[in-house]
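Peer 1: Got a structure for you, questions after.
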Amino acid sequence: MNYLEDVQKLFLYYKHLVDSTINQLTDSQLFWQYNQESNSVAILIQHISGNMKSRFTDFLTSDGEKEWRNRDAEFELADQDKMRLLHEWEEAWKNLFVTLKNLQFEDLGKTIYIRNQGHTVVEAINRQLSHYPYHVGQIVMLGKMMKGNDWRSLSIPRGESDVYNSVRFIQSKRTEHFTDEILRHLDG
């Protein structure tokens, strides 16, 4: 597996975590905020989408912080339109995956800019691979807190590690990406 394949699987895994959280929430939970200074799941989705659209549009040829981006507005919801929000979310991910799919190995060492700060393509991708999971964790935690005992675990459920490990250790050793099993379930 090469770097570009790996990062695509990682990004897809983080998208899956958010999508699985959204699927467990009611509309009111999606927009719930602890207080005015905190972010709702919807605000975090809006921010990730805006960042992603800015960073991965014209990735190799223009600054990652686009002139048309209004970052501050990403933290304020103009409405509670779930369909609009999810459409923006899907479009942002589509843009990211198209960009990553079109990159070549030779592109990895090229310099791109984010707010006039030079990054290799690898550094720019890794920057987003640290930024998005930060917010994904916030989204999952908000979902888990709101759902309480009704939360369906997105990883090994509490108290089931021994069962999970026993199944894994009776299998033959193999080489595969840690997300392969999860991603196979998304395809089928």
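By order in the structure tokens, chains are A, B, ...; within a chain, residues start at 1; ligands start at 1, following the order shown.
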Taking 5 positions as the minimum chain separation for residues in the same chain, which residues sit within 9 Å of segment 145-154 of chain A when counting only C-alpha atoms? Answer as a list in words.
Peer 2: Leu17, Ser20, Thr21, Gln24, Leu25, Gln29 and Val140 of chain A
Peer 1: Going by DSSP on the backbone, which residues of segment 6-165 of chain A come out as strand (DSSP E or B)? List them as a PyMOL selection string.
Peer 2: chain A and resi 111-114+117-120
Peer 1: Could you write out that same residue set with C-alpha atoms as a tab-separated table (two decimals), in the first residue's frame?
Peer 2:
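result28.tsv written:
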chain	number	residue	atom	x	y	z
A	111	THR	CA	5.23	22.72	-2.45
A	112	ILE	CA	1.78	24.13	-1.90
A	113	TYR	CA	0.73	27.00	0.34
A	114	ILE	CA	-1.76	27.44	3.15
A	117	GLN	CA	3.06	29.03	4.42
A	118	GLY	CA	4.79	26.43	2.26
A	119	HIS	CA	4.01	22.75	2.77
A	120	THR	CA	4.97	19.72	0.78
Peer 1: As an exercise, work out the distance from atom CA of Ile22 of chain A to atom CA of Leu142 of chain A in Å and give it to one decimal place.
Peer 2: 10.5 Å
Peer 1: Just list the residues in chain A DSSP gives helix (DSSP H, G or I) on the backbone, as JSON, numbers by chain.
Peer 2: {"A": [3, 4, 5, 6, 7, 8, 9, 10, 11, 12, 13, 14, 15, 16, 17, 18, 19, 20, 21, 22, 27, 28, 29, 30, 31, 41, 42, 43, 44, 45, 46, 47, 48, 49, 50, 51, 52, 53, 54, 55, 56, 71, 72, 73, 74, 75, 82, 83, 84, 85, 86, 87, 88, 89, 90, 91, 92, 93, 94, 95, 96, 97, 98, 99, 100, 101, 102, 105, 106, 107, 108, 109, 121, 122, 123, 124, 125, 126, 127, 128, 129, 130, 131, 132, 133, 134, 135, 136, 137, 138, 139, 140, 141, 142, 143, 144, 145, 146, 147, 148, 149, 150, 161, 162, 163, 164, 165, 166, 167, 168, 169, 180, 181, 182, 183, 184, 185, 186, 187]}
Peer 1: Got a sec: who's within 8 Å of segment 62-76 of chain A, counting only C-alpha atoms, leaving out chain neighbours fewer than 4 positions off, as a list in words?
Peer 2: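 Result of the neighbour search: Asn39, Ile43, Leu44, Gln46, His47, Gly50, Asn51, Ser54, Arg55, Phe56, Thr57, Asp58, Ile112, Tyr113, Ile114, Arg115 and Asn116 of chain A.
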Peer 1: Save the residues we just selected, C-alpha atoms, as a compact mmCIF listing (two decimals), in the first residue's frame?
Peer 2:
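The resulting part12.txt:
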# COMPACT_ATOMS: atom_id res chain seq x y z
CA ASN A 39 -20.02 23.87 18.95
CA ILE A 43 -21.35 23.50 13.43
CA LEU A 44 -18.41 21.10 13.48
CA GLN A 46 -20.05 22.91 8.69
CA HIS A 47 -16.50 23.88 9.75
CA GLY A 50 -15.66 24.60 4.74
CA ASN A 51 -12.07 23.81 5.60
CA SER A 54 -10.96 25.42 0.79
CA ARG A 55 -7.96 23.14 1.25
CA PHE A 56 -8.70 20.64 -1.52
CA THR A 57 -10.07 22.91 -4.27
CA ASP A 58 -7.30 23.60 -6.80
CA ILE A 112 1.78 24.13 -1.90
CA TYR A 113 0.73 27.00 0.34
CA ILE A 114 -1.76 27.44 3.15
CA ARG A 115 -2.00 31.09 4.21
CA ASN A 116 1.28 31.69 2.34
Peer 1: Could you list, as a ChimeraX atom specification, every residue within 6 Å of segment 78-95 of chain A, counting only C-alpha atoms and ignoring same-chain residues fewer than 2 positions away?
Peer 2: /A:49,52-53,97-98
Peer 1: Could you list, as number ranges by chain, every residue within 9 Å of Val121 of chain A, counting only C-alpha atoms and ignoring same-chain residues fewer than 6 positions away?
Peer 2: A: 59-60, 107-112
Peer 1: Go through A:His177, A:Lys9, A:Lys15, A:Lys101 and flag the residue nearest Tyr132 of chain A, using only C-alpha atoms for the distances.
Peer 2: A:Lys15
Peer 1: Extract, using only C-alpha atoms, all DNA, RNA and protein residues at most 12 Å from Ile156 of chain A, discarding same-chain residues fewer than 5 positions from it, and format them as a PDB file with all heavy atoms, in the first residue's frame.
Peer 2:
ATOM      1  N   SER A 161     -13.518  -6.369  24.891  1.00  0.00           N
ATOM      2  CA  SER A 161     -12.161  -6.470  24.335  1.00  0.00           C
ATOM      3  C   SER A 161     -11.669  -7.916  24.278  1.00  0.00           C
ATOM      4  O   SER A 161     -11.053  -8.321  23.285  1.00  0.00           O
ATOM      5  CB  SER A 161     -11.184  -5.627  25.152  1.00  0.00           C
ATOM      6  OG  SER A 161     -11.505  -4.268  25.052  1.00  0.00           O
ATOM      7  N   ASP A 162     -11.937  -8.686  25.322  1.00  0.00           N
ATOM      8  CA  ASP A 162     -11.458 -10.074  25.340  1.00  0.00           C
ATOM      9  C   ASP A 162     -12.090 -10.885  24.213  1.00  0.00           C
ATOM     10  O   ASP A 162     -11.404 -11.666  23.537  1.00  0.00           O
ATOM     11  CB  ASP A 162     -11.741 -10.736  26.691  1.00  0.00           C
ATOM     12  CG  ASP A 162     -10.844 -10.214  27.803  1.00  0.00           C
ATOM     13  OD1 ASP A 162      -9.796  -9.593  27.483  1.00  0.00           O
ATOM     14  OD2 ASP A 162     -11.197 -10.414  28.979  1.00  0.00           O
ATOM     15  N   VAL A 163     -13.381 -10.720  24.004  1.00  0.00           N
ATOM     16  CA  VAL A 163     -14.075 -11.437  22.923  1.00  0.00           C
ATOM     17  C   VAL A 163     -13.512 -10.997  21.572  1.00  0.00           C
ATOM     18  O   VAL A 163     -13.207 -11.830  20.711  1.00  0.00           O
ATOM     19  CB  VAL A 163     -15.605 -11.193  22.986  1.00  0.00           C
ATOM     20  CG1 VAL A 163     -16.294 -11.742  21.752  1.00  0.00           C
ATOM     21  CG2 VAL A 163     -16.187 -11.790  24.253  1.00  0.00           C
ATOM     22  N   TYR A 164     -13.353  -9.700  21.387  1.00  0.00           N
ATOM     23  CA  TYR A 164     -12.825  -9.160  20.131  1.00  0.00           C
ATOM     24  C   TYR A 164     -11.433  -9.725  19.856  1.00  0.00           C
ATOM     25  O   TYR A 164     -11.147 -10.214  18.761  1.00  0.00           O
ATOM     26  CB  TYR A 164     -12.775  -7.630  20.193  1.00  0.00           C
ATOM     27  CG  TYR A 164     -12.281  -6.982  18.925  1.00  0.00           C
ATOM     28  CD1 TYR A 164     -13.160  -6.714  17.879  1.00  0.00           C
ATOM     29  CD2 TYR A 164     -10.944  -6.646  18.778  1.00  0.00           C
ATOM     30  CE1 TYR A 164     -12.705  -6.129  16.708  1.00  0.00           C
ATOM     31  CE2 TYR A 164     -10.480  -6.049  17.601  1.00  0.00           C
ATOM     32  CZ  TYR A 164     -11.365  -5.795  16.578  1.00  0.00           C
ATOM     33  OH  TYR A 164     -10.915  -5.216  15.425  1.00  0.00           O
ATOM     34  N   ASN A 165     -10.566  -9.687  20.879  1.00  0.00           N
ATOM     35  CA  ASN A 165      -9.194 -10.182  20.703  1.00  0.00           C
ATOM     36  C   ASN A 165      -9.155 -11.679  20.454  1.00  0.00           C
ATOM     37  O   ASN A 165      -8.344 -12.161  19.657  1.00  0.00           O
ATOM     38  CB  ASN A 165      -8.329  -9.820  21.913  1.00  0.00           C
ATOM     39  CG  ASN A 165      -7.971  -8.353  21.930  1.00  0.00           C
ATOM     40  OD1 ASN A 165      -8.002  -7.676  20.901  1.00  0.00           O
ATOM     41  ND2 ASN A 165      -7.637  -7.851  23.106  1.00  0.00           N
ATOM     42  N   ILE A 182     -13.794  -2.494   8.313  1.00  0.00           N
ATOM     43  CA  ILE A 182     -14.859  -1.489   8.421  1.00  0.00           C
ATOM     44  C   ILE A 182     -15.274  -0.995   7.044  1.00  0.00           C
ATOM     45  O   ILE A 182     -16.462  -0.908   6.729  1.00  0.00           O
ATOM     46  CB  ILE A 182     -14.406  -0.303   9.306  1.00  0.00           C
ATOM     47  CG1 ILE A 182     -14.211  -0.780  10.734  1.00  0.00           C
ATOM     48  CG2 ILE A 182     -15.402   0.856   9.234  1.00  0.00           C
ATOM     49  CD1 ILE A 182     -13.457   0.210  11.599  1.00  0.00           C
TER      50      ILE A 182
END
Peer 1: With only C-alpha atoms as the atoms that count, which of A:Val7, A:Leu96, A:Leu30, A:Glu123 lies nearest to Leu77 of chain A?
Peer 2: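 Using only C-alpha atoms, the shortest distance to Leu77 of chain A belongs to A:Leu30.
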Peer 1: Could you name the residues that touch Tyr3 of chain A at 9 Å or less, counting only C-alpha atoms, but leaving out those on the same chain fewer than 3 positions away, as a ChimeraX atom specification?
Peer 2: /A:6-8,105,122
Peer 1: Would you write out those residues with N, CA and C atoms, as a PDB file, in the first residue's frame?
Peer 2:
ATOM      1  N   ASP A   6      -3.219   4.894   1.593  1.00  0.00           N
ATOM      2  CA  ASP A   6      -3.369   4.907   3.042  1.00  0.00           C
ATOM      3  C   ASP A   6      -4.186   6.108   3.500  1.00  0.00           C
ATOM      4  N   VAL A   7      -3.850   7.292   3.017  1.00  0.00           N
ATOM      5  CA  VAL A   7      -4.569   8.482   3.490  1.00  0.00           C
ATOM      6  C   VAL A   7      -6.021   8.477   3.030  1.00  0.00           C
ATOM      7  N   GLN A   8      -6.290   7.931   1.851  1.00  0.00           N
ATOM      8  CA  GLN A   8      -7.682   7.842   1.418  1.00  0.00           C
ATOM      9  C   GLN A   8      -8.486   6.947   2.359  1.00  0.00           C
ATOM     10  N   PHE A 105       2.419  10.065  -7.385  1.00  0.00           N
ATOM     11  CA  PHE A 105       3.553   9.947  -6.482  1.00  0.00           C
ATOM     12  C   PHE A 105       4.496  11.140  -6.641  1.00  0.00           C
ATOM     13  N   VAL A 122       2.673  16.157   1.055  1.00  0.00           N
ATOM     14  CA  VAL A 122       2.546  15.231   2.190  1.00  0.00           C
ATOM     15  C   VAL A 122       2.259  16.010   3.471  1.00  0.00           C
TER      16      VAL A 122
END
